[in-house]
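Structure file final_34.cif (mmCIF, C-alpha atoms) is printed below.
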```cif
data_data
loop_
_atom_site.label_atom_id
_atom_site.label_comp_id
_atom_site.auth_asym_id
_atom_site.auth_seq_id
_atom_site.Cartn_x
_atom_site.Cartn_y
_atom_site.Cartn_z
CA MET A 57 122.10 109.78 94.42
CA ARG A 58 125.76 109.46 93.50
CA THR A 59 127.51 112.82 93.61
CA PRO A 60 128.75 113.89 90.14
CA THR A 61 132.52 113.60 90.07
CA SER A 62 133.73 115.27 86.89
CA ALA A 63 132.52 117.37 83.99
CA ARG A 64 134.30 115.08 81.56
CA PRO A 65 134.49 111.28 81.22
CA PRO A 66 137.40 109.35 82.79
CA MET A 67 140.52 109.00 80.63
CA GLY A 68 143.34 106.54 81.20
CA TRP A 69 145.01 103.21 80.45
CA ASN A 70 143.91 99.65 81.18
CA SER A 71 146.13 96.55 81.06
CA TRP A 72 143.56 94.16 79.53
CA ASP A 73 144.08 94.56 75.77
CA CYS A 74 147.83 94.13 75.97
CA TYR A 75 148.44 91.92 79.03
CA GLY A 76 145.15 90.18 79.79
CA THR A 77 145.32 88.49 83.19
CA THR A 78 149.13 88.57 83.39
CA VAL A 79 150.30 92.18 83.82
CA THR A 80 153.20 92.75 86.19
CA GLU A 81 154.10 95.63 88.48
CA GLY A 82 156.96 96.65 86.20
CA GLU A 83 154.68 96.81 83.17
CA VAL A 84 152.09 98.87 85.06
CA LEU A 85 154.77 101.32 86.16
CA ALA A 86 156.24 101.56 82.65
CA ASN A 87 152.84 102.60 81.30
CA ALA A 88 152.26 104.99 84.20
CA ARG A 89 155.60 106.71 83.64
CA PHE A 90 154.89 107.03 79.92
CA MET A 91 151.46 108.49 80.63
CA SER A 92 152.82 110.97 83.14
CA ALA A 93 155.56 112.13 80.76
CA HIS A 94 153.61 112.23 77.48
CA LEU A 95 149.83 112.17 78.02
CA LEU A 96 148.94 113.65 81.41
CA GLU A 97 148.88 117.20 80.07
CA TYR A 98 146.18 116.12 77.60
CA GLY A 99 143.89 114.76 80.32
CA TRP A 100 144.96 111.10 80.52
CA ASP A 101 145.36 110.48 84.24
CA THR A 102 144.23 106.99 85.33
CA ILE A 103 146.11 103.66 85.38
CA VAL A 104 143.97 100.51 85.80
CA VAL A 105 145.24 97.00 86.64
CA ASP A 106 142.74 94.63 85.07
CA ILE A 107 141.55 91.15 86.09
CA ASP A 108 143.27 88.34 88.02
CA TRP A 109 145.96 90.37 89.76
CA SER A 110 145.66 87.85 92.61
CA ASP A 111 146.34 84.74 90.48
CA PRO A 112 149.96 83.45 90.62
CA THR A 113 149.16 81.02 87.76
CA ALA A 114 147.67 83.63 85.41
CA ARG A 115 148.24 83.02 81.70
CA SER A 116 147.31 84.57 78.38
CA HIS A 117 144.24 83.40 76.45
CA GLY A 118 141.92 82.49 79.26
CA TYR A 119 141.30 81.82 82.94
CA ASN A 120 142.39 78.97 85.21
CA GLU A 121 139.96 76.60 86.89
CA SER A 122 140.55 76.33 90.64
CA ALA A 123 143.20 79.05 90.49
CA PRO A 124 145.13 79.42 93.81
CA LEU A 125 144.12 83.07 94.21
CA CYS A 126 146.03 85.02 96.83
CA MET A 127 143.71 86.15 99.62
CA ASP A 128 143.81 87.16 103.26
CA GLU A 129 142.27 85.42 106.26
CA HIS A 130 138.93 87.14 105.59
CA GLY A 131 138.54 85.89 102.01
CA ARG A 132 139.58 89.18 100.42
CA LEU A 133 141.76 88.94 97.33
CA VAL A 134 145.24 90.48 97.53
CA PRO A 135 147.89 90.96 94.82
CA ASP A 136 150.13 88.09 93.78
CA PRO A 137 153.50 89.07 95.31
CA GLU A 138 155.43 87.40 92.49
CA ARG A 139 153.97 89.74 89.88
CA PHE A 140 153.56 92.67 92.30
CA PRO A 141 156.62 92.47 94.58
CA SER A 142 155.82 95.68 96.44
CA SER A 143 152.65 94.02 97.80
CA ALA A 144 154.61 91.49 99.89
CA GLY A 145 154.19 91.52 103.63
CA GLY A 146 150.50 92.41 103.54
CA ARG A 147 151.02 95.81 101.97
CA GLY A 148 148.64 95.11 99.09
CA PHE A 149 148.53 97.68 96.32
CA ALA A 150 149.38 100.56 98.65
CA PRO A 151 153.04 100.94 97.53
CA LEU A 152 152.13 100.76 93.82
CA ALA A 153 149.28 103.23 94.27
CA ALA A 154 151.62 105.62 96.10
CA GLU A 155 154.16 105.45 93.27
CA ILE A 156 151.47 106.13 90.67
CA HIS A 157 150.08 109.00 92.72
CA ALA A 158 153.58 110.48 92.89
CA LEU A 159 153.50 110.62 89.07
CA GLY A 160 150.37 112.81 89.26
CA LEU A 161 148.09 109.94 88.24
CA ARG A 162 145.17 108.03 89.72
CA PHE A 163 145.25 104.29 90.45
CA GLY A 164 142.53 101.79 89.56
CA ILE A 165 141.92 98.04 89.82
CA HIS A 166 139.55 95.46 88.38
CA THR A 167 137.27 93.50 90.71
CA MET A 168 134.67 90.76 90.29
CA ARG A 169 131.17 90.52 91.68
CA GLY A 170 130.78 88.11 94.59
CA ILE A 171 133.16 86.16 96.83
CA PRO A 172 136.02 83.84 95.77
CA ARG A 173 135.25 80.12 95.49
CA ARG A 174 138.46 79.60 97.40
CA ALA A 175 137.06 81.65 100.31
CA LEU A 176 133.92 79.50 100.25
CA ALA A 177 135.99 76.31 100.26
CA ALA A 178 137.96 77.57 103.29
CA ASP A 179 134.80 79.02 104.85
CA THR A 180 136.69 82.17 105.81
CA PRO A 181 135.19 84.53 108.39
CA ILE A 182 133.59 87.79 107.21
CA LEU A 183 135.45 90.70 108.80
CA GLY A 184 133.46 92.50 111.49
CA THR A 185 130.75 89.84 111.76
CA ASP A 186 130.11 86.39 113.23
CA ALA A 187 129.30 85.07 109.74
CA ARG A 188 131.44 83.00 107.44
CA ALA A 189 131.72 82.69 103.66
CA SER A 190 129.27 79.77 103.60
CA ASP A 191 126.62 82.00 105.20
CA VAL A 192 126.71 84.65 102.46
CA ALA A 193 127.76 82.76 99.31
CA ASP A 194 125.21 82.08 96.57
CA PRO A 195 126.68 79.49 94.15
CA SER A 196 123.46 79.61 92.07
CA ASN A 197 124.42 83.12 90.88
CA ALA A 198 127.96 82.50 89.67
CA CYS A 199 129.72 84.26 86.80
CA GLU A 200 129.17 82.53 83.46
CA TRP A 201 132.57 83.30 81.98
CA ASN A 202 135.04 83.40 84.89
CA PRO A 203 135.52 80.47 87.30
CA ASP A 204 136.91 82.40 90.28
CA MET A 205 133.81 83.71 92.05
CA VAL A 206 130.33 82.84 93.26
CA GLY A 207 127.56 85.30 94.03
CA LEU A 208 126.51 86.81 97.34
CA ASP A 209 123.15 86.28 99.01
CA HIS A 210 122.14 89.85 99.78
CA ARG A 211 119.34 88.70 102.06
CA HIS A 212 122.09 88.08 104.61
CA PRO A 213 123.49 91.28 106.18
CA ALA A 214 127.03 89.90 106.18
CA ALA A 215 126.99 89.99 102.36
CA GLN A 216 127.09 93.78 102.58
CA ALA A 217 129.74 93.48 105.30
CA TYR A 218 131.93 91.47 102.91
CA TYR A 219 131.78 94.19 100.26
CA ASP A 220 132.32 96.82 102.96
CA SER A 221 135.48 95.03 104.10
CA THR A 222 136.92 94.77 100.59
CA LEU A 223 136.25 98.42 99.79
CA ALA A 224 137.73 99.52 103.11
CA MET A 225 140.89 97.65 102.17
CA TYR A 226 140.98 99.18 98.67
CA ALA A 227 140.50 102.65 100.16
CA GLN A 228 143.36 102.00 102.54
CA TRP A 229 145.52 101.03 99.58
CA GLY A 230 144.70 104.36 97.87
CA VAL A 231 142.52 103.05 95.03
CA ASP A 232 140.79 105.83 93.07
CA PHE A 233 138.92 103.84 90.40
CA ILE A 234 137.31 100.40 90.33
CA LYS A 235 136.19 98.45 87.28
CA ALA A 236 133.63 96.07 88.82
CA ASP A 237 132.91 93.18 86.47
CA ASP A 238 130.08 90.68 86.01
CA MET A 239 127.63 93.37 87.12
CA LEU A 240 125.57 94.12 83.99
CA TRP A 241 125.03 90.82 82.13
CA PRO A 242 122.77 89.72 83.61
CA TYR A 243 121.89 92.95 85.41
CA GLN A 244 122.81 92.42 89.08
CA ALA A 245 120.91 95.27 90.73
CA ALA A 246 121.49 94.11 94.31
CA ASP A 247 125.25 93.88 93.78
CA VAL A 248 125.40 97.27 92.07
CA GLU A 249 123.64 98.84 95.04
CA ALA A 250 125.70 96.99 97.65
CA TYR A 251 128.97 97.84 95.91
CA ALA A 252 128.10 101.54 95.63
CA ARG A 253 127.08 101.54 99.28
CA ALA A 254 130.42 99.98 100.24
CA ILE A 255 132.30 102.67 98.32
CA GLU A 256 130.37 105.38 100.15
CA ARG A 257 131.13 103.73 103.49
CA SER A 258 134.84 103.45 102.64
CA GLY A 259 135.22 107.20 103.03
CA ARG A 260 137.27 107.53 99.83
CA PRO A 261 135.90 109.06 96.58
CA ILE A 262 136.33 106.00 94.33
CA GLU A 263 134.90 106.13 90.81
CA LEU A 264 132.89 103.03 89.90
CA SER A 265 132.90 101.52 86.41
CA LEU A 266 130.47 98.66 85.68
CA SER A 267 130.96 95.89 83.10
CA PRO A 268 130.48 94.01 80.78
CA GLY A 269 127.48 95.75 79.14
CA ARG A 270 126.17 93.04 76.85
CA ASP A 271 122.48 93.60 75.98
CA LEU A 272 122.26 96.59 78.34
CA SER A 273 118.82 98.22 78.28
CA LEU A 274 118.31 101.96 78.53
CA ALA A 275 115.60 101.17 81.09
CA HIS A 276 118.41 100.82 83.66
CA LEU A 277 119.61 104.42 83.18
CA PRO A 278 118.20 105.92 86.42
CA HIS A 279 119.63 103.06 88.50
CA LEU A 280 123.02 103.31 86.79
CA ARG A 281 123.20 107.06 87.31
CA GLU A 282 122.35 106.65 90.98
CA HIS A 283 125.16 104.21 91.67
CA ALA A 284 127.99 104.35 89.10
CA THR A 285 130.39 106.75 87.41
CA MET A 286 130.36 104.86 84.09
CA TRP A 287 128.90 101.70 82.61
CA ARG A 288 129.69 99.60 79.60
CA ILE A 289 127.17 99.52 76.77
CA CYS A 290 128.74 96.61 74.86
CA ASP A 291 130.67 93.39 75.30
CA ASP A 292 134.46 93.39 74.91
CA LEU A 293 135.60 95.48 71.93
CA TRP A 294 138.59 94.37 69.88
CA ASP A 295 140.56 95.66 66.89
CA ARG A 296 137.97 94.69 64.28
CA TRP A 297 135.96 97.09 62.14
CA GLU A 298 132.75 95.14 62.84
CA ASP A 299 133.19 95.82 66.58
CA VAL A 300 133.59 99.54 65.95
CA GLU A 301 130.66 99.75 63.54
CA ALA A 302 128.33 97.94 65.95
CA ASN A 303 128.80 100.70 68.53
CA PHE A 304 127.29 103.39 66.26
CA ALA A 305 123.78 102.17 67.07
CA ARG A 306 124.56 101.76 70.78
CA PHE A 307 126.02 105.25 71.11
CA ALA A 308 123.05 106.71 69.24
CA ARG A 309 120.84 105.37 72.07
CA TRP A 310 123.11 106.22 74.98
CA ALA A 311 125.09 109.37 74.14
CA PRO A 312 122.22 111.83 74.73
CA HIS A 313 122.33 110.70 78.38
CA ALA A 314 126.09 111.20 78.89
CA SER A 315 126.81 113.77 81.59
CA ALA A 316 128.53 114.27 84.91
CA HIS A 317 125.71 112.13 86.32
CA GLY A 318 127.19 109.11 84.50
CA TRP A 319 129.03 108.09 81.33
CA PRO A 320 127.95 105.36 78.87
CA ASP A 321 131.16 103.48 78.01
CA GLY A 322 131.97 102.01 74.60
CA ASP A 323 134.82 99.95 76.12
CA MET A 324 138.57 100.30 75.90
CA LEU A 325 140.43 101.62 72.89
CA PRO A 326 142.20 98.58 71.34
CA LEU A 327 144.82 100.83 69.75
CA GLY A 328 148.59 100.59 69.55
CA ARG A 329 150.58 97.53 70.64
CA ILE A 330 148.10 94.98 71.96
CA GLY A 331 147.90 91.21 72.50
CA LEU A 332 151.30 90.90 74.18
CA ARG A 333 149.83 88.33 76.58
CA ALA A 334 146.16 89.09 76.13
CA GLU A 335 142.95 87.08 76.18
CA ARG A 336 142.46 87.64 72.43
CA GLY A 337 145.09 87.18 69.71
CA GLU A 338 148.87 87.26 69.59
CA SER A 339 151.23 90.19 70.04
CA ARG A 340 150.49 92.74 67.34
CA ASP A 341 149.95 96.33 66.38
CA ASP A 342 146.18 96.74 66.27
CA ARG A 343 144.60 95.59 63.00
CA LEU A 344 142.53 98.72 62.40
CA THR A 345 143.54 100.97 59.53
CA PRO A 346 144.67 104.54 60.29
CA ALA A 347 141.26 105.79 59.11
CA GLU A 348 139.44 103.26 61.33
CA ARG A 349 141.43 104.42 64.36
CA VAL A 350 140.35 108.00 63.68
CA CYS A 351 136.76 106.84 63.16
CA LEU A 352 136.72 104.96 66.47
CA LEU A 353 138.16 107.87 68.42
CA THR A 354 135.87 110.39 66.73
CA LEU A 355 132.76 108.41 67.66
CA TRP A 356 133.87 107.80 71.27
CA ILE A 357 134.80 111.48 71.69
CA ILE A 358 131.69 113.11 70.23
CA ALA A 359 129.56 110.59 72.17
CA ARG A 360 131.56 111.56 75.30
CA SER A 361 132.48 108.01 76.18
CA PRO A 362 135.19 107.29 78.76
CA LEU A 363 138.54 106.73 77.05
CA MET A 364 140.74 103.90 78.31
CA ILE A 365 143.72 103.10 76.11
CA GLY A 366 144.25 99.35 75.72
CA GLY A 367 147.64 99.34 73.99
CA ASP A 368 151.00 99.15 75.73
CA LEU A 369 152.05 102.79 75.70
CA PRO A 370 155.87 102.48 75.64
CA SER A 371 155.85 100.08 72.66
CA SER A 372 153.00 101.62 70.65
CA ASP A 373 153.92 103.43 67.43
CA PRO A 374 154.32 107.23 67.52
CA GLU A 375 151.48 107.75 65.05
CA THR A 376 149.02 106.11 67.45
CA ILE A 377 150.36 108.05 70.43
CA ALA A 378 149.92 111.26 68.43
CA LEU A 379 146.18 110.56 68.22
CA PHE A 380 146.01 110.71 72.02
CA ARG A 381 147.80 114.07 72.06
CA ASN A 382 145.50 116.06 69.76
CA ALA A 383 144.35 118.83 72.10
CA ASP A 384 141.73 120.25 69.70
CA VAL A 385 140.06 116.85 69.32
CA LEU A 386 140.14 116.12 73.05
CA ALA A 387 138.55 119.52 73.71
CA VAL A 388 135.37 118.07 72.15
CA LEU A 389 135.34 115.38 74.85
CA ARG A 390 136.00 117.93 77.57
CA ASP A 391 133.85 120.88 76.47
CA SER A 392 130.98 119.64 74.31
CA SER A 393 127.42 118.83 75.31
CA GLY A 394 124.38 117.42 73.60
CA GLY A 395 126.27 114.97 71.41
CA ARG A 396 123.76 113.13 69.26
CA GLU A 397 123.29 111.31 65.98
CA LEU A 398 121.72 113.63 63.42
CA LEU A 399 121.51 111.29 60.44
CA ARG A 400 122.25 107.72 59.48
CA GLU A 401 121.45 106.79 55.90
CA GLY A 402 123.31 104.09 54.03
CA ASP A 403 127.03 104.51 54.63
CA THR A 404 126.80 108.10 55.88
CA VAL A 405 126.47 108.95 59.57
CA ILE A 406 126.39 112.50 60.97
CA TRP A 407 126.73 113.54 64.61
CA GLY A 408 126.47 116.99 66.13
CA ALA A 409 127.34 118.55 69.48
CA ASP A 410 127.32 121.97 71.11
CA GLY A 411 130.40 123.75 72.38
CA PRO A 412 131.04 126.75 74.61
CA GLY A 413 130.31 130.26 73.35
CA GLY A 414 128.12 129.11 70.47
CA ILE A 415 130.75 126.81 68.95
CA ARG A 416 129.34 123.80 67.11
CA PHE A 417 131.00 120.46 66.50
CA ALA A 418 130.05 117.91 63.85
CA ALA A 419 131.37 114.51 62.88
CA VAL A 420 130.90 112.97 59.44
CA PHE A 421 131.49 109.20 59.16
CA ASN A 422 131.95 107.10 56.04
CA LEU A 423 131.04 103.49 56.83
CA ALA A 424 131.71 102.37 53.26
CA GLY A 425 134.73 100.29 52.36
CA VAL A 426 135.84 102.86 49.75
CA PRO A 427 136.76 106.56 50.02
CA ARG A 428 133.92 108.96 49.26
CA GLU A 429 133.33 112.64 48.67
CA ILE A 430 130.46 113.60 50.98
CA VAL A 431 128.66 116.89 50.30
CA LEU A 432 126.29 118.13 52.98
CA ASP A 433 124.08 121.11 53.69
CA THR A 434 125.70 122.90 56.64
CA ARG A 435 122.26 123.05 58.26
CA SER A 436 122.15 119.24 58.22
CA LEU A 437 125.25 119.39 60.42
CA ALA A 438 123.53 121.85 62.80
CA LEU A 439 126.26 124.39 62.02
CA PRO A 440 125.59 128.13 62.51
CA GLU A 441 123.68 129.88 59.73
CA GLY A 442 125.98 131.26 57.07
CA ALA A 443 129.02 129.25 58.21
CA SER A 444 131.70 130.07 55.66
CA ALA A 445 134.43 127.75 56.95
CA VAL A 446 135.05 124.96 59.44
CA THR A 447 138.21 123.55 60.99
CA GLU A 448 138.82 119.80 60.60
CA LEU A 449 140.27 118.99 64.01
CA TRP A 450 142.32 115.88 63.24
CA THR A 451 144.32 117.68 60.54
CA GLY A 452 143.92 121.31 61.61
CA ARG A 453 142.91 122.12 58.04
CA THR A 454 140.43 124.90 57.22
CA VAL A 455 137.63 123.70 54.95
CA ARG A 456 135.65 126.38 53.12
CA THR A 457 131.95 126.00 52.57
CA GLU A 458 130.43 126.91 49.23
CA THR A 459 127.17 128.59 48.25
CA VAL A 460 124.98 126.41 46.07
CA GLU A 461 123.40 128.40 43.25
CA VAL A 462 121.76 125.62 41.22
CA GLN A 463 120.36 122.29 42.33
CA SER A 464 122.53 119.62 40.67
CA ASP A 465 124.41 116.37 41.17
CA ALA A 466 127.47 118.41 42.20
CA ALA A 467 125.81 118.98 45.58
CA ARG A 468 122.91 116.57 45.77
CA GLY A 469 120.54 117.27 48.64
CA VAL A 470 121.62 120.90 49.01
CA ALA A 471 119.05 123.47 47.89
CA PRO A 472 119.99 126.64 45.99
CA GLY A 473 120.81 129.45 48.40
CA SER A 474 122.19 127.05 51.01
CA ARG A 475 125.82 126.47 51.90
CA ALA A 476 127.48 123.12 51.31
CA LEU A 477 130.41 121.45 53.04
CA ARG A 478 132.44 119.12 50.83
CA LEU A 479 134.59 116.52 52.58
CA GLU A 480 136.82 113.73 51.31
CA VAL A 481 136.38 110.92 53.83
CA PRO A 482 138.45 107.72 53.58
CA ALA A 483 137.02 104.22 53.80
CA HIS A 484 135.74 103.56 57.33
CA GLY A 485 136.92 107.06 58.17
CA ALA A 486 135.67 110.23 59.80
CA ALA A 487 136.05 113.99 59.79
CA LEU A 488 135.55 116.00 62.98
CA VAL A 489 134.85 119.68 62.45
CA ARG A 490 134.47 122.77 64.61
CA CYS A 491 132.61 125.89 63.54
CA GLU A 492 132.80 129.19 65.43
CA ALA A 493 129.60 131.08 66.17
#
```
Re-express the file's structure as structure tokens.
Amino acid sequence: MRTPTSARPPMGWNSWDCYGTTVTEGEVLANARFMSAHLLEYGWDTIVVDIDWSDPTARSHGYNESAPLCMDEHGRLVPDPERFPSSAGGRGFAPLAAEIHALGLRFGIHTMRGIPRRALAADTPILGTDARASDVADPSNACEWNPDMVGLDHRHPAAQAYYDSTLAMYAQWGVDFIKADDMLWPYQAADVEAYARAIERSGRPIELSLSPGRDLSLAHLPHLREHATMWRICDDLWDRWEDVEANFARFARWAPHASAHGWPDGDMLPLGRIGLRAERGESRDDRLTPAERVCLLTLWIIARSPLMIGGDLPSSDPETIALFRNADVLAVLRDSSGGRELLREGDTVIWGADGPGGIRFAAVFNLAGVPREIVLDTRSLALPEGASAVTELWTGRTVRTETVEVQSDAARGVAPGSRALRLEVPAHGAALVRCEA
């Protein structure tokens, strides 16, 4: 069983939404310095270099066939020294990791399931064994969407040795977090187990994130908890309302199982300045409305999803950065438990969660394309009996409840003698409230 690592989900930044396959060392450091200066005190502490850091021909909007990936004599990928100059001379990511650690942050990288096609073509030796790449490669189990890798035949013991050798190298570099891709669609149980075993053998406490999450069944929960820190529950999420809305149903299934034993992950937050050289779209501020940004963050937070910012931090607008610095909202992610969907009817969705000392949290979502006044019985929000006021955490505003004396259209669905909470919720928006015991 994987040892629980933290009482709250991982929080950080990932290069994918803004830089795709092309991020450079300077851009990683610029985001790390911004995080350390402006976000670390709020819990944001991890910097992740996403896919294709070994490809000297990397480009926006896609992958390269037969890419000349940088690798060592044992078929292990190493950083492209043109984009990551500090890696020259066989130093790998160790200098970059050390600089990020010096900022008080953790360092993460993206990896792919399997072994590089280039290693198979060169038939490189597997470190610590008499086997070669051709002995362990399984071209019949190749990634469907990325041309760089082929699978491993885990019937051969040197397949585990290959993963062990890569994780030993990452541990030596000082890697704290790995986003291992092409693991969940289709569900690659043997690779998940072998990768987790390699992390354990590395001797370094590395958190393991599994992707991509398309069509992920809850039946895999025990296996995921045993081997991973977090796992995606959806395909790539972008700055479109339909992507956000689709995750309501997924989180309703998965959030009750979020705990220090593993975190269901709704994917990165495509907020701020994205698309600079990304896989999807041109350079832009994200296309979500201000209300949709609040809605996205509210759902991810009350569902206790990992939070990985996808926008370039130094060039994102101050209003977006302010969302990541709301201590009262982030306390829900850190301190709540039992987050669950309480109601979904039409365009209204209600979530509830428990807090310390009898505190209750509730989120009210308006999925309609127009603003709405939503009036709810406080008991439908699982708030304490007789709650006379709540605090809306995004605004800090106190909202008084009201006693309903007569059943009427003014508070439909609230019986006389009950207390009602009246909220103005914008189109595709949310309110996040806290009620003291």
- Which residue, A:Leu274, A:Ala154, A:Ala224, A:Leu479, has the smallest gap to Arg260 (chain A) when you use only C-alpha atoms?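 The shortest atom-to-atom distance to Arg260 (chain A) comes from A:Ala224.
Taking all atoms listed in the file into account, Gly148 (chain A) lies nearest to A:Ala227 out of the set A:Ala227, A:Leu208, A:Ile182, A:Ala86.
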Residue by residue, what does the PyMOL selection byres ((chain A and resi 358) around 9) grab here? Present the result as an mmCIF file with C-alpha atoms, keeping the file's coordinate frame.
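That gives us selection_22.cif:
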```cif
data_model
loop_
_atom_site.group_PDB
_atom_site.id
_atom_site.type_symbol
_atom_site.label_atom_id
_atom_site.label_comp_id
_atom_site.auth_asym_id
_atom_site.auth_seq_id
_atom_site.Cartn_x
_atom_site.Cartn_y
_atom_site.Cartn_z
ATOM 1 C CA ALA A 311 125.090 109.370 74.140
ATOM 2 C CA LEU A 353 138.160 107.870 68.420
ATOM 3 C CA THR A 354 135.870 110.390 66.730
ATOM 4 C CA LEU A 355 132.760 108.410 67.660
ATOM 5 C CA TRP A 356 133.870 107.800 71.270
ATOM 6 C CA ILE A 357 134.800 111.480 71.690
ATOM 7 C CA ALA A 359 129.560 110.590 72.170
ATOM 8 C CA ARG A 360 131.560 111.560 75.300
ATOM 9 C CA SER A 361 132.480 108.010 76.180
ATOM 10 C CA VAL A 388 135.370 118.070 72.150
ATOM 11 C CA LEU A 389 135.340 115.380 74.850
ATOM 12 C CA SER A 392 130.980 119.640 74.310
ATOM 13 C CA SER A 393 127.420 118.830 75.310
ATOM 14 C CA GLY A 395 126.270 114.970 71.410
ATOM 15 C CA ARG A 396 123.760 113.130 69.260
ATOM 16 C CA TRP A 407 126.730 113.540 64.610
ATOM 17 C CA GLY A 408 126.470 116.990 66.130
ATOM 18 C CA ALA A 409 127.340 118.550 69.480
ATOM 19 C CA PHE A 417 131.000 120.460 66.500
ATOM 20 C CA ALA A 418 130.050 117.910 63.850
ATOM 21 C CA ALA A 419 131.370 114.510 62.880
ATOM 22 C CA LEU A 488 135.550 116.000 62.980
#
```
- On this file, the PyMOL selection byres ((chain A and resi 155-161) around 10) gives some set of residues; write that set as a PyMOL selection string. chain A and resi 68+84-85+88-93+96+100-103+150-154+162-164+230-232
- Query: When the PyMOL selection byres ((chain A and resi 193) around 7) is applied to the file above, which residues end up in the set, as a list of chain:residue names?
  - Reply: A:Ile171, A:Ala189, A:Ser190, A:Asp191, A:Val192, A:Asp194, A:Pro195, A:Val206, A:Gly207, A:Leu208, A:Asp209
Take the residues just selected and output them with C-alpha atoms as a PDB file, in the frame of the given file.
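Just written: result.pdb:
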```pdb
ATOM      1  CA  ILE A 171     133.160  86.160  96.830  1.00  0.00           C
ATOM      2  CA  ALA A 189     131.720  82.690 103.660  1.00  0.00           C
ATOM      3  CA  SER A 190     129.270  79.770 103.600  1.00  0.00           C
ATOM      4  CA  ASP A 191     126.620  82.000 105.200  1.00  0.00           C
ATOM      5  CA  VAL A 192     126.710  84.650 102.460  1.00  0.00           C
ATOM      6  CA  ASP A 194     125.210  82.080  96.570  1.00  0.00           C
ATOM      7  CA  PRO A 195     126.680  79.490  94.150  1.00  0.00           C
ATOM      8  CA  VAL A 206     130.330  82.840  93.260  1.00  0.00           C
ATOM      9  CA  GLY A 207     127.560  85.300  94.030  1.00  0.00           C
ATOM     10  CA  LEU A 208     126.510  86.810  97.340  1.00  0.00           C
ATOM     11  CA  ASP A 209     123.150  86.280  99.010  1.00  0.00           C
TER      12      ASP A 209
END
```
- Given the choices A:Ala178, A:Leu352, A:Ile234, A:Val489, which gets closest to Arg416 (chain A) if the distance is worked out from all atoms listed in the file?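 Under the stated criterion, the closest residue is A:Val489.
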- Query: From the set A:Asp271, A:Glu348, A:Glu282, A:Glu492, which residue has the shortest atom-to-atom contact distance to Val248 (chain A), counting only C-alpha atoms?
  - Reply: A:Glu282
- Item | Counting only C-alpha atoms, the residue of A:Ile107, A:Leu398, A:Ala383, A:Leu272 that sits nearest Arg306 (chain A) |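 Residue with the minimum atom-to-atom distance to Arg306 (chain A): A:Leu272.
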- Task: Point out the residue among A:Ala316, A:Leu95, A:Arg428, A:Asp403 with the least atom-to-atom distance to Asp391 (chain A), counting all atoms listed in the file.
- Result: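 Among A:Ala316, A:Leu95, A:Arg428, A:Asp403, it is A:Ala316 that comes nearest to Asp391 (chain A).
Using all atoms listed in the file, the residues found no farther than 9 Å from Val446 (chain A), other than those of its own chain fewer than 3 positions away, are A:Ala443, A:Arg453, A:Thr454, A:Val455, A:Arg456, A:Thr457, A:Leu477, A:Val489, A:Arg490, A:Cys491, A:Glu492.
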- Item | d(CA of Asp220 (chain A), CA of Ala177 (chain A)) in Å |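 CA of Ala177 (chain A) lies 21.0 Å from CA of Asp220 (chain A).
All protein and nucleic acid residues in the vicinity of (148.6, 101.7, 78.0), that is within 8 Å when counting all atoms listed in the file, are Gly68, Trp69, Asn70, Ser71, Cys74, Asn87, Ala88, Met91, Ile365, Gly366, Gly367, Asp368, Leu369 and Pro370 of chain A.
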